[in-house]
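Just final.cif here, mmCIF, C-alpha atoms and all ligand atoms:
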```
data_final
#
loop_
_atom_site.group_PDB
_atom_site.id
_atom_site.type_symbol
_atom_site.label_atom_id
_atom_site.label_comp_id
_atom_site.auth_asym_id
_atom_site.auth_seq_id
_atom_site.Cartn_x
_atom_site.Cartn_y
_atom_site.Cartn_z
ATOM 1 C CA MET A 85 -23.347 -0.233 12.396
ATOM 2 C CA LYS A 86 -19.667 -0.895 11.641
ATOM 3 C CA LYS A 87 -17.561 -2.799 14.156
ATOM 4 C CA LYS A 88 -14.918 -0.421 15.540
ATOM 5 C CA LEU A 89 -11.524 -2.096 15.746
ATOM 6 C CA ILE A 90 -8.002 -1.248 16.856
ATOM 7 C CA ILE A 91 -5.289 -3.587 15.568
ATOM 8 C CA ASP A 92 -2.079 -4.024 17.573
ATOM 9 C CA THR A 93 0.577 -5.608 15.409
ATOM 10 C CA ASP A 94 4.230 -6.560 14.961
ATOM 11 C CA CYS A 95 3.549 -6.242 11.232
ATOM 12 C CA GLY A 96 5.192 -9.110 9.534
ATOM 13 C CA SER A 97 3.923 -10.695 6.342
ATOM 14 C CA ASP A 98 0.911 -12.500 7.796
ATOM 15 C CA ASP A 99 -0.077 -9.436 9.850
ATOM 16 C CA ALA A 100 -0.104 -7.465 6.581
ATOM 17 C CA VAL A 101 -2.754 -9.756 5.104
ATOM 18 C CA ALA A 102 -4.869 -9.317 8.244
ATOM 19 C CA LEU A 103 -4.520 -5.516 8.013
ATOM 20 C CA ILE A 104 -5.488 -5.527 4.332
ATOM 21 C CA MET A 105 -8.533 -7.684 5.073
ATOM 22 C CA ALA A 106 -9.610 -5.377 7.907
ATOM 23 C CA LEU A 107 -9.194 -2.248 5.783
ATOM 24 C CA ARG A 108 -11.183 -3.763 2.900
ATOM 25 C CA GLU A 109 -13.952 -5.262 5.070
ATOM 26 C CA PRO A 110 -16.956 -2.889 4.762
ATOM 27 C CA ARG A 111 -18.404 -4.078 8.089
ATOM 28 C CA VAL A 112 -15.325 -2.876 9.993
ATOM 29 C CA GLU A 113 -13.905 0.559 10.803
ATOM 30 C CA VAL A 114 -10.212 0.357 11.741
ATOM 31 C CA LYS A 115 -9.970 3.279 14.191
ATOM 32 C CA ALA A 116 -6.199 2.998 14.687
ATOM 33 C CA ILE A 117 -3.224 0.685 14.261
ATOM 34 C CA THR A 118 -0.699 0.376 17.092
ATOM 35 C CA VAL A 119 2.727 -1.163 16.574
ATOM 36 C CA THR A 120 5.104 -3.254 18.665
ATOM 37 C CA SER A 121 8.275 -5.271 18.078
ATOM 38 C CA GLY A 122 8.053 -8.951 17.210
ATOM 39 C CA ASN A 123 8.502 -10.353 13.701
ATOM 40 C CA CYS A 124 10.786 -7.367 13.133
ATOM 41 C CA PRO A 125 11.793 -4.340 15.249
ATOM 42 C CA MET A 126 8.944 -1.909 15.939
ATOM 43 C CA GLN A 127 10.376 0.860 13.721
ATOM 44 C CA GLN A 128 10.379 -1.517 10.730
ATOM 45 C CA ALA A 129 6.997 -2.991 11.652
ATOM 46 C CA ALA A 130 5.578 0.553 11.624
ATOM 47 C CA LYS A 131 6.843 1.067 8.050
ATOM 48 C CA ASN A 132 5.333 -2.307 7.122
ATOM 49 C CA VAL A 133 1.968 -1.123 8.462
ATOM 50 C CA LEU A 134 2.116 1.905 6.144
ATOM 51 C CA GLN A 135 3.019 -0.364 3.222
ATOM 52 C CA SER A 136 0.023 -2.604 4.011
ATOM 53 C CA ILE A 137 -2.295 0.442 4.187
ATOM 54 C CA TYR A 138 -0.881 1.637 0.842
ATOM 55 C CA TYR A 139 -1.570 -1.682 -0.899
ATOM 56 C CA ALA A 140 -5.011 -2.033 0.701
ATOM 57 C CA GLN A 141 -6.029 1.055 -1.309
ATOM 58 C CA THR A 142 -8.907 2.070 0.976
ATOM 59 C CA TYR A 143 -8.549 4.553 3.876
ATOM 60 C CA GLN A 144 -5.619 5.501 6.114
ATOM 61 C CA PRO A 145 -6.189 4.966 9.843
ATOM 62 C CA PRO A 146 -3.695 6.681 12.176
ATOM 63 C CA VAL A 147 -0.599 4.607 12.997
ATOM 64 C CA TYR A 148 0.967 4.813 16.467
ATOM 65 C CA LYS A 149 4.448 3.569 17.294
ATOM 66 C CA GLY A 150 4.645 1.606 20.532
ATOM 67 C CA THR A 151 6.961 -0.498 22.629
ATOM 68 C CA SER A 152 10.271 -1.581 21.122
ATOM 69 C CA LEU A 153 11.271 -4.120 23.765
ATOM 70 C CA PRO A 154 9.444 -6.780 25.818
ATOM 71 C CA LEU A 155 8.575 -5.915 29.424
ATOM 72 C CA TRP A 156 11.197 -8.177 30.894
ATOM 73 C CA CYS A 157 13.139 -10.423 28.528
ATOM 74 C CA ASP A 158 15.414 -9.841 25.523
ATOM 75 C CA TYR A 159 13.871 -9.085 22.145
ATOM 76 C CA GLU A 160 13.933 -11.862 19.536
ATOM 77 C CA ASP A 161 12.764 -11.414 15.931
ATOM 78 C CA ALA A 162 11.265 -13.908 13.456
ATOM 79 C CA SER A 163 13.359 -12.968 10.417
ATOM 80 C CA GLN A 164 13.741 -16.651 9.560
ATOM 81 C CA VAL A 165 9.995 -16.714 8.835
ATOM 82 C CA HIS A 166 9.222 -13.203 7.576
ATOM 83 C CA GLY A 167 12.573 -11.927 6.249
ATOM 84 C CA ILE A 168 14.835 -9.186 7.577
ATOM 85 C CA ASP A 169 12.285 -6.437 6.841
ATOM 86 C CA GLY A 170 9.369 -8.612 7.993
ATOM 87 C CA MET A 171 7.727 -8.387 4.537
ATOM 88 C CA GLY A 172 9.626 -11.015 2.591
ATOM 89 C CA ASP A 173 12.540 -8.675 1.648
ATOM 90 C CA CYS A 174 10.937 -7.700 -1.675
ATOM 91 C CA PRO A 175 12.809 -4.589 -2.936
ATOM 92 C CA TRP A 176 10.514 -4.246 -5.992
ATOM 93 C CA LEU A 177 7.446 -3.512 -3.840
ATOM 94 C CA LYS A 178 6.409 0.131 -3.339
ATOM 95 C CA ARG A 179 6.670 1.854 0.047
ATOM 96 C CA PRO A 180 4.877 5.119 0.991
ATOM 97 C CA GLU A 181 6.433 8.010 2.902
ATOM 98 C CA ASP A 182 6.596 7.696 6.697
ATOM 99 C CA LYS A 183 3.527 9.182 8.417
ATOM 100 C CA PHE A 184 3.127 8.347 12.123
ATOM 101 C CA GLU A 185 1.178 9.927 14.978
ATOM 102 C CA ALA A 186 3.171 11.613 17.754
ATOM 103 C CA GLU A 187 1.216 9.965 20.576
ATOM 104 C CA HIS A 188 2.665 6.712 21.955
ATOM 105 C CA ALA A 189 0.668 3.584 21.092
ATOM 106 C CA VAL A 190 0.036 2.736 24.750
ATOM 107 C CA ASP A 191 -1.503 6.171 25.413
ATOM 108 C CA ALA A 192 -3.436 5.924 22.147
ATOM 109 C CA LEU A 193 -4.962 2.562 23.116
ATOM 110 C CA ILE A 194 -6.259 4.083 26.363
ATOM 111 C CA HIS A 195 -7.558 7.273 24.745
ATOM 112 C CA TYR A 196 -9.467 5.373 22.025
ATOM 113 C CA VAL A 197 -11.043 2.999 24.556
ATOM 114 C CA LYS A 198 -12.130 6.001 26.679
ATOM 115 C CA GLN A 199 -13.363 7.907 23.593
ATOM 116 C CA GLU A 200 -15.430 4.953 22.328
ATOM 117 C CA LYS A 201 -16.778 4.229 25.838
ATOM 118 C CA GLY A 202 -15.858 0.589 25.470
ATOM 119 C CA ASP A 203 -17.738 0.179 22.154
ATOM 120 C CA LEU A 204 -14.492 -1.024 20.625
ATOM 121 C CA GLU A 205 -12.730 -4.314 19.931
ATOM 122 C CA ILE A 206 -8.988 -4.865 19.850
ATOM 123 C CA LEU A 207 -7.249 -7.403 17.612
ATOM 124 C CA ALA A 208 -3.766 -8.231 18.953
ATOM 125 C CA ILE A 209 -1.651 -10.071 16.396
ATOM 126 C CA GLY A 210 1.810 -9.628 17.850
ATOM 127 C CA PRO A 211 3.489 -9.874 21.251
ATOM 128 C CA LEU A 212 1.194 -8.360 23.908
ATOM 129 C CA THR A 213 3.589 -5.712 25.245
ATOM 130 C CA ASN A 214 1.504 -2.650 24.216
ATOM 131 C CA ILE A 215 -1.727 -4.184 25.521
ATOM 132 C CA ALA A 216 -0.114 -5.150 28.833
ATOM 133 C CA ALA A 217 1.433 -1.680 29.251
ATOM 134 C CA ALA A 218 -1.992 -0.083 28.671
ATOM 135 C CA ILE A 219 -3.540 -2.397 31.281
ATOM 136 C CA LEU A 220 -0.805 -1.508 33.786
ATOM 137 C CA GLN A 221 -1.359 2.206 33.075
ATOM 138 C CA ASP A 222 -5.186 2.179 33.197
ATOM 139 C CA PRO A 223 -6.707 -1.210 34.054
ATOM 140 C CA GLN A 224 -10.234 0.110 34.572
ATOM 141 C CA THR A 225 -10.418 1.699 31.123
ATOM 142 C CA MET A 226 -8.906 -1.328 29.389
ATOM 143 C CA ARG A 227 -11.377 -3.670 31.110
ATOM 144 C CA SER A 228 -14.211 -1.783 29.399
ATOM 145 C CA ILE A 229 -13.411 -2.993 25.868
ATOM 146 C CA SER A 230 -16.044 -5.327 24.482
ATOM 147 C CA LYS A 231 -13.588 -8.000 23.286
ATOM 148 C CA LEU A 232 -9.867 -8.612 22.807
ATOM 149 C CA THR A 233 -9.019 -11.131 20.091
ATOM 150 C CA VAL A 234 -5.487 -12.492 20.448
ATOM 151 C CA MET A 235 -3.563 -14.497 17.879
ATOM 152 C CA GLY A 236 -1.317 -16.498 20.144
ATOM 153 C CA GLY A 237 -0.647 -19.615 22.121
ATOM 154 C CA ALA A 238 -0.797 -23.251 21.145
ATOM 155 C CA HIS A 239 -1.147 -26.602 22.789
ATOM 156 C CA PRO A 240 2.320 -27.388 24.270
ATOM 157 C CA TYR A 241 2.934 -30.252 21.836
ATOM 158 C CA ASN A 242 2.136 -28.010 18.825
ATOM 159 C CA ASN A 243 4.879 -25.399 19.029
ATOM 160 C CA PRO A 244 7.344 -25.103 16.164
ATOM 161 C CA HIS A 245 8.864 -21.869 17.508
ATOM 162 C CA THR A 246 10.298 -23.355 20.679
ATOM 163 C CA VAL A 247 9.607 -26.718 22.271
ATOM 164 C CA SER A 248 6.764 -25.232 24.324
ATOM 165 C CA ALA A 249 5.808 -21.725 23.206
ATOM 166 C CA GLU A 250 4.137 -19.935 20.293
ATOM 167 C CA PHE A 251 6.019 -16.803 19.079
ATOM 168 C CA ASN A 252 3.663 -13.986 20.211
ATOM 169 C CA ILE A 253 3.440 -15.371 23.742
ATOM 170 C CA MET A 254 7.076 -16.482 23.886
ATOM 171 C CA CYS A 255 8.284 -12.958 22.946
ATOM 172 C CA ASP A 256 6.794 -11.461 26.120
ATOM 173 C CA PRO A 257 5.299 -13.989 28.556
ATOM 174 C CA GLU A 258 5.045 -11.409 31.358
ATOM 175 C CA ALA A 259 2.928 -9.198 29.093
ATOM 176 C CA ALA A 260 0.735 -12.153 28.153
ATOM 177 C CA LYS A 261 0.221 -13.026 31.835
ATOM 178 C CA ILE A 262 -0.901 -9.455 32.569
ATOM 179 C CA VAL A 263 -3.375 -9.623 29.667
ATOM 180 C CA PHE A 264 -4.838 -13.033 30.562
ATOM 181 C CA ASP A 265 -5.119 -12.041 34.237
ATOM 182 C CA SER A 266 -6.864 -8.744 33.361
ATOM 183 C CA ARG A 267 -10.466 -10.005 33.178
ATOM 184 C CA ILE A 268 -10.847 -8.461 29.694
ATOM 185 C CA PRO A 269 -13.125 -10.707 27.556
ATOM 186 C CA ILE A 270 -10.616 -12.606 25.369
ATOM 187 C CA THR A 271 -10.878 -14.859 22.347
ATOM 188 C CA MET A 272 -7.562 -16.536 21.564
ATOM 189 C CA CYS A 273 -6.896 -18.021 18.119
ATOM 190 C CA THR A 274 -4.053 -20.467 18.675
ATOM 191 C CA LEU A 275 -1.397 -21.487 16.177
ATOM 192 C CA GLU A 276 -3.369 -24.665 15.409
ATOM 193 C CA SER A 277 -6.170 -22.468 13.989
ATOM 194 C CA CYS A 278 -4.066 -21.653 10.901
ATOM 195 C CA TRP A 279 -3.281 -25.302 10.053
ATOM 196 C CA GLY A 280 -5.318 -27.958 8.237
ATOM 197 C CA THR A 281 -7.549 -26.457 5.518
ATOM 198 C CA MET A 282 -6.298 -22.985 6.532
ATOM 199 C CA ARG A 283 -2.817 -23.804 5.186
ATOM 200 C CA PHE A 284 -2.128 -22.160 1.805
ATOM 201 C CA GLU A 285 -0.856 -24.924 -0.476
ATOM 202 C CA GLU A 286 0.990 -24.239 -3.744
ATOM 203 C CA GLU A 287 -2.224 -24.106 -5.778
ATOM 204 C CA ASP A 288 -3.770 -21.599 -3.335
ATOM 205 C CA ILE A 289 -0.675 -19.399 -3.551
ATOM 206 C CA GLN A 290 -0.723 -19.560 -7.375
ATOM 207 C CA TYR A 291 -4.425 -18.626 -7.421
ATOM 208 C CA PHE A 292 -3.896 -15.493 -5.316
ATOM 209 C CA LYS A 293 -0.718 -14.539 -7.225
ATOM 210 C CA GLU A 294 -2.735 -14.545 -10.446
ATOM 211 C CA LEU A 295 -5.823 -12.879 -8.921
ATOM 212 C CA ASN A 296 -4.592 -9.242 -9.090
ATOM 213 C CA GLU A 297 -1.779 -6.940 -7.878
ATOM 214 C CA LEU A 298 -3.013 -7.050 -4.288
ATOM 215 C CA GLY A 299 -3.235 -10.832 -4.318
ATOM 216 C CA SER A 300 0.269 -11.025 -5.724
ATOM 217 C CA PHE A 301 1.483 -8.602 -3.006
ATOM 218 C CA CYS A 302 -0.033 -10.800 -0.271
ATOM 219 C CA MET A 303 1.798 -13.830 -1.633
ATOM 220 C CA ASP A 304 5.103 -12.085 -2.461
ATOM 221 C CA ILE A 305 5.571 -10.730 1.070
ATOM 222 C CA ASN A 306 5.232 -14.280 2.424
ATOM 223 C CA ARG A 307 7.946 -15.687 0.144
ATOM 224 C CA VAL A 308 10.476 -16.251 2.973
ATOM 225 C CA MET A 309 7.911 -18.402 4.805
ATOM 226 C CA ILE A 310 7.015 -20.226 1.578
ATOM 227 C CA ASN A 311 10.666 -20.893 0.684
ATOM 228 C CA ALA A 312 11.400 -22.088 4.242
ATOM 229 C CA ALA A 313 8.471 -24.530 4.004
ATOM 230 C CA LYS A 314 9.753 -25.776 0.638
ATOM 231 C CA LYS A 315 13.221 -26.364 2.157
ATOM 232 C CA ASN A 316 11.952 -27.949 5.376
ATOM 233 C CA ARG A 317 8.818 -29.787 4.224
ATOM 234 C CA GLY A 318 9.431 -30.139 0.492
ATOM 235 C CA VAL A 319 6.259 -28.137 -0.283
ATOM 236 C CA GLY A 320 6.097 -24.326 -0.723
ATOM 237 C CA SER A 321 3.128 -23.689 1.586
ATOM 238 C CA MET A 322 2.341 -20.868 4.020
ATOM 239 C CA ASP A 323 0.234 -20.156 7.117
ATOM 240 C CA LEU A 324 -1.624 -16.894 7.893
ATOM 241 C CA PRO A 325 -2.473 -17.082 11.637
ATOM 242 C CA ASP A 326 -3.107 -13.361 11.988
ATOM 243 C CA ALA A 327 -5.489 -13.260 9.032
ATOM 244 C CA GLY A 328 -7.387 -16.175 10.533
ATOM 245 C CA ALA A 329 -7.671 -14.340 13.855
ATOM 246 C CA PHE A 330 -9.156 -11.321 12.030
ATOM 247 C CA ALA A 331 -11.675 -13.550 10.235
ATOM 248 C CA SER A 332 -12.770 -15.044 13.576
ATOM 249 C CA ILE A 333 -14.096 -11.558 14.429
ATOM 250 C CA THR A 334 -16.064 -10.813 11.249
ATOM 251 C CA CYS A 335 -17.004 -14.391 10.278
ATOM 252 C CA PRO A 336 -17.533 -16.412 13.476
ATOM 253 C CA GLU A 337 -19.292 -19.025 11.336
ATOM 254 C CA LEU A 338 -15.810 -20.007 10.105
ATOM 255 C CA ILE A 339 -14.840 -21.173 13.594
ATOM 256 C CA GLU A 340 -14.909 -24.987 13.539
ATOM 257 C CA ASN A 341 -13.589 -25.705 17.026
ATOM 258 C CA CYS A 342 -13.501 -23.571 20.164
ATOM 259 C CA PHE A 343 -13.792 -24.118 23.899
ATOM 260 C CA ASP A 344 -13.826 -22.107 27.124
ATOM 261 C CA ALA A 345 -10.676 -22.312 29.201
ATOM 262 C CA PHE A 346 -8.838 -20.666 32.036
ATOM 263 C CA VAL A 347 -5.584 -19.913 30.218
ATOM 264 C CA ARG A 348 -2.452 -19.635 32.296
ATOM 265 C CA ILE A 349 0.833 -18.307 30.912
ATOM 266 C CA GLU A 350 4.037 -19.994 32.055
ATOM 267 C CA THR A 351 6.578 -17.249 32.859
ATOM 268 C CA SER A 352 9.280 -19.439 34.393
ATOM 269 C CA GLY A 353 10.672 -22.888 33.637
ATOM 270 C CA THR A 354 13.824 -23.636 31.686
ATOM 271 C CA TYR A 355 11.912 -25.489 28.952
ATOM 272 C CA THR A 356 8.334 -24.223 29.423
ATOM 273 C CA ARG A 357 8.610 -20.405 29.558
ATOM 274 C CA GLY A 358 5.942 -18.910 27.267
ATOM 275 C CA ALA A 359 3.744 -22.002 27.249
ATOM 276 C CA THR A 360 -0.036 -21.528 27.303
ATOM 277 C CA ILE A 361 -1.758 -23.910 29.711
ATOM 278 C CA PHE A 362 -5.467 -24.601 29.107
ATOM 279 C CA GLU A 363 -7.526 -25.476 32.188
ATOM 280 C CA THR A 364 -11.001 -26.550 31.084
ATOM 281 C CA LYS A 365 -14.203 -27.568 32.862
ATOM 282 C CA GLU A 366 -13.042 -31.174 32.661
ATOM 283 C CA HIS A 367 -10.061 -30.272 34.889
ATOM 284 C CA HIS A 368 -12.359 -28.803 37.551
ATOM 285 C CA TYR A 369 -14.327 -31.514 39.349
ATOM 286 C CA ARG A 370 -15.830 -28.734 41.479
ATOM 287 C CA ASN A 371 -18.377 -26.480 39.718
ATOM 288 C CA ASP A 372 -16.390 -23.309 40.327
ATOM 289 C CA PHE A 373 -14.811 -23.233 36.870
ATOM 290 C CA ILE A 374 -14.587 -19.614 35.602
ATOM 291 C CA PRO A 375 -12.956 -19.344 32.144
ATOM 292 C CA ASN A 376 -10.928 -16.260 31.152
ATOM 293 C CA CYS A 377 -10.879 -16.999 27.441
ATOM 294 C CA GLN A 378 -12.599 -18.599 24.473
ATOM 295 C CA VAL A 379 -9.939 -20.669 22.684
ATOM 296 C CA VAL A 380 -10.261 -21.136 18.906
ATOM 297 C CA THR A 381 -8.215 -24.024 17.544
ATOM 298 C CA LYS A 382 -9.776 -24.680 14.111
ATOM 299 C CA ILE A 383 -11.025 -22.397 11.304
ATOM 300 C CA ASP A 384 -12.745 -23.412 8.036
ATOM 301 C CA GLY A 385 -9.936 -22.719 5.554
ATOM 302 C CA VAL A 386 -11.968 -23.409 2.400
ATOM 303 C CA ASN A 387 -14.431 -20.632 3.186
ATOM 304 C CA PHE A 388 -11.716 -18.423 4.707
ATOM 305 C CA LYS A 389 -9.904 -18.422 1.347
ATOM 306 C CA LYS A 390 -13.149 -17.502 -0.439
ATOM 307 C CA TYR A 391 -13.613 -14.634 2.063
ATOM 308 C CA LEU A 392 -10.024 -13.431 1.496
ATOM 309 C CA ALA A 393 -10.457 -13.586 -2.296
ATOM 310 C CA ASN A 394 -13.697 -11.575 -2.127
ATOM 311 C CA LEU A 395 -12.013 -8.874 -0.037
ATOM 312 C CA ILE A 396 -9.013 -8.714 -2.371
ATOM 313 C CA LYS A 397 -10.992 -8.601 -5.656
HETATM 314 O O1 LIG B 401 3.095 -17.537 15.906
HETATM 315 C C1 LIG B 401 2.519 -16.748 14.885
HETATM 316 C C2 LIG B 401 2.516 -15.294 15.264
HETATM 317 O O2 LIG B 401 3.844 -14.832 15.432
HETATM 318 C C3 LIG B 401 1.915 -14.404 14.163
HETATM 319 O O3 LIG B 401 1.314 -13.274 14.745
HETATM 320 C C4 LIG B 401 3.114 -13.977 13.378
HETATM 321 O O4 LIG B 401 2.919 -12.744 12.700
HETATM 322 C C5 LIG B 401 4.122 -13.812 14.477
HETATM 323 O O5 LIG B 401 3.922 -12.532 15.068
HETATM 324 CA CA CA B 402 1.990 -11.047 14.019
#
```
Please lay out the structure from this file as structure tokens.
Amino acid sequence: MKKKLIIDTDCGSDDAVALIMALREPRVEVKAITVTSGNCPMQQAAKNVLQSIYYAQTYQPPVYKGTSLPLWCDYEDASQVHGIDGMGDCPWLKRPEDKFEAEHAVDALIHYVKQEKGDLEILAIGPLTNIAAAILQDPQTMRSISKLTVMGGAHPYNNPHTVSAEFNIMCDPEAAKIVFDSRIPITMCTLESCWGTMRFEEEDIQYFKELNELGSFCMDINRVMINAAKKNRGVGSMDLPDAGAFASITCPELIENCFDAFVRIETSGTYTRGATIFETKEHHYRNDFIPNCQVVTKIDGVNFKKYLANLIK
């Protein structure tokens, strides 16, 4: 029985690799892809989703455009990491014609969850604005999904995006608070989960570039990130947090460190807005600890790369 999945994305270059993996994974059926703003504006992210589907060369799930702005704060992109178009600004790469569903992504999320009677997982790899809006519109339906996997958050001292916040949470902290307060079963793959052996070093990037056209596409679209790493760290490496979050669904054996936590989202604070705060059993001397999330902080990168290569071949 295939795992039915909806992917909500701000389709930048690491999201694209996650989408390609999901579309080429025989154990998964991607029922729909919903789009929000984040790495790049939603309209561009939607085009990037179609490009990813085109290069995946499998089937074409319906694509639904969603929210363009955060619930409360100003929109901020991540062009310094993913390029202006979110896909490495590679003009030589092919792009298919636009083909989007008329229904809004938020309505689509609710209708798919109702249609599948909760036998559906959601992978959220961008800011959580669409997911939060669906919860506000129909909390009972959204609480019926079997699992929500979120790529987001980080331990406060691990945040390169701002001093205290990971990008997906920082983009829309109010949306994240709604999601983490919703009582939906959540697994959160934090930013740390794409570091260590998960980091693509120069030899990994060369291997995938030489693997085939799809491997080369997955590396080319991440060239802005790779070049930024070369400039800042002296080594042209790259991180694929969204792809790691996808793999945590299909290959839980790759998870090397996870713990239960009650995750709180900081929505105020001059320096702490967007921070993810992890209360664990150790913080609760009483025995009334009730987690709202399984937090994944480490993934086996050696076997993840083998998994990615097998899906791309
Ligand atoms: O912090 C990493 C996350 O922000 C990833 O989802 C990346 O695509 C960006 O959206
Ligand atoms: Ca993303």
Query raised in the report: Using only C-alpha atoms, which residue out of A:Ala186, A:Cys95, A:Ala260, A:Val379 lies closest to Asp344 (chain A)?
Result: A:Val379
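The spacing separating CA of Ala189 (chain A) from CA of Leu220 (chain A) amounts to 13.8 Å.
Nearest to Met303 (chain A) of all the residues A:Lys315, A:Phe362, A:Lys198, A:Met322 is A:Met322, counting only C-alpha atoms.
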Query raised in the report: Residues at most 8 Å from ligand CA 402 (chain B), using all atoms listed in the file? Could they come as JSON, numbers by chain?
Result: {"A": [93, 94, 95, 96, 97, 98, 99, 122, 123, 209, 210, 211, 235, 252, 325, 326]}
Report task. Taking (-13.0, -13.1, -1.9) in the file's own coordinates, collect the residues within 12 Å, counting only C-alpha atoms, and hand them back as a ChimeraX atom specification. Result -> /A:105,108-109,291-292,295-296,298-299,386-397
**Report entry** Residues matched by the PyMOL selection byres (((chain A and resi 227) around 10) and not hetatm), written as number ranges by chain
**Finding:** A: 197, 202, 219, 222-226, 228-232, 266-269
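Using all atoms listed in the file, the nearest neighbour of ligand LIG 401 (chain B) within the list A:Lys131, A:Lys115, A:Lys365, A:His166 is A:His166.
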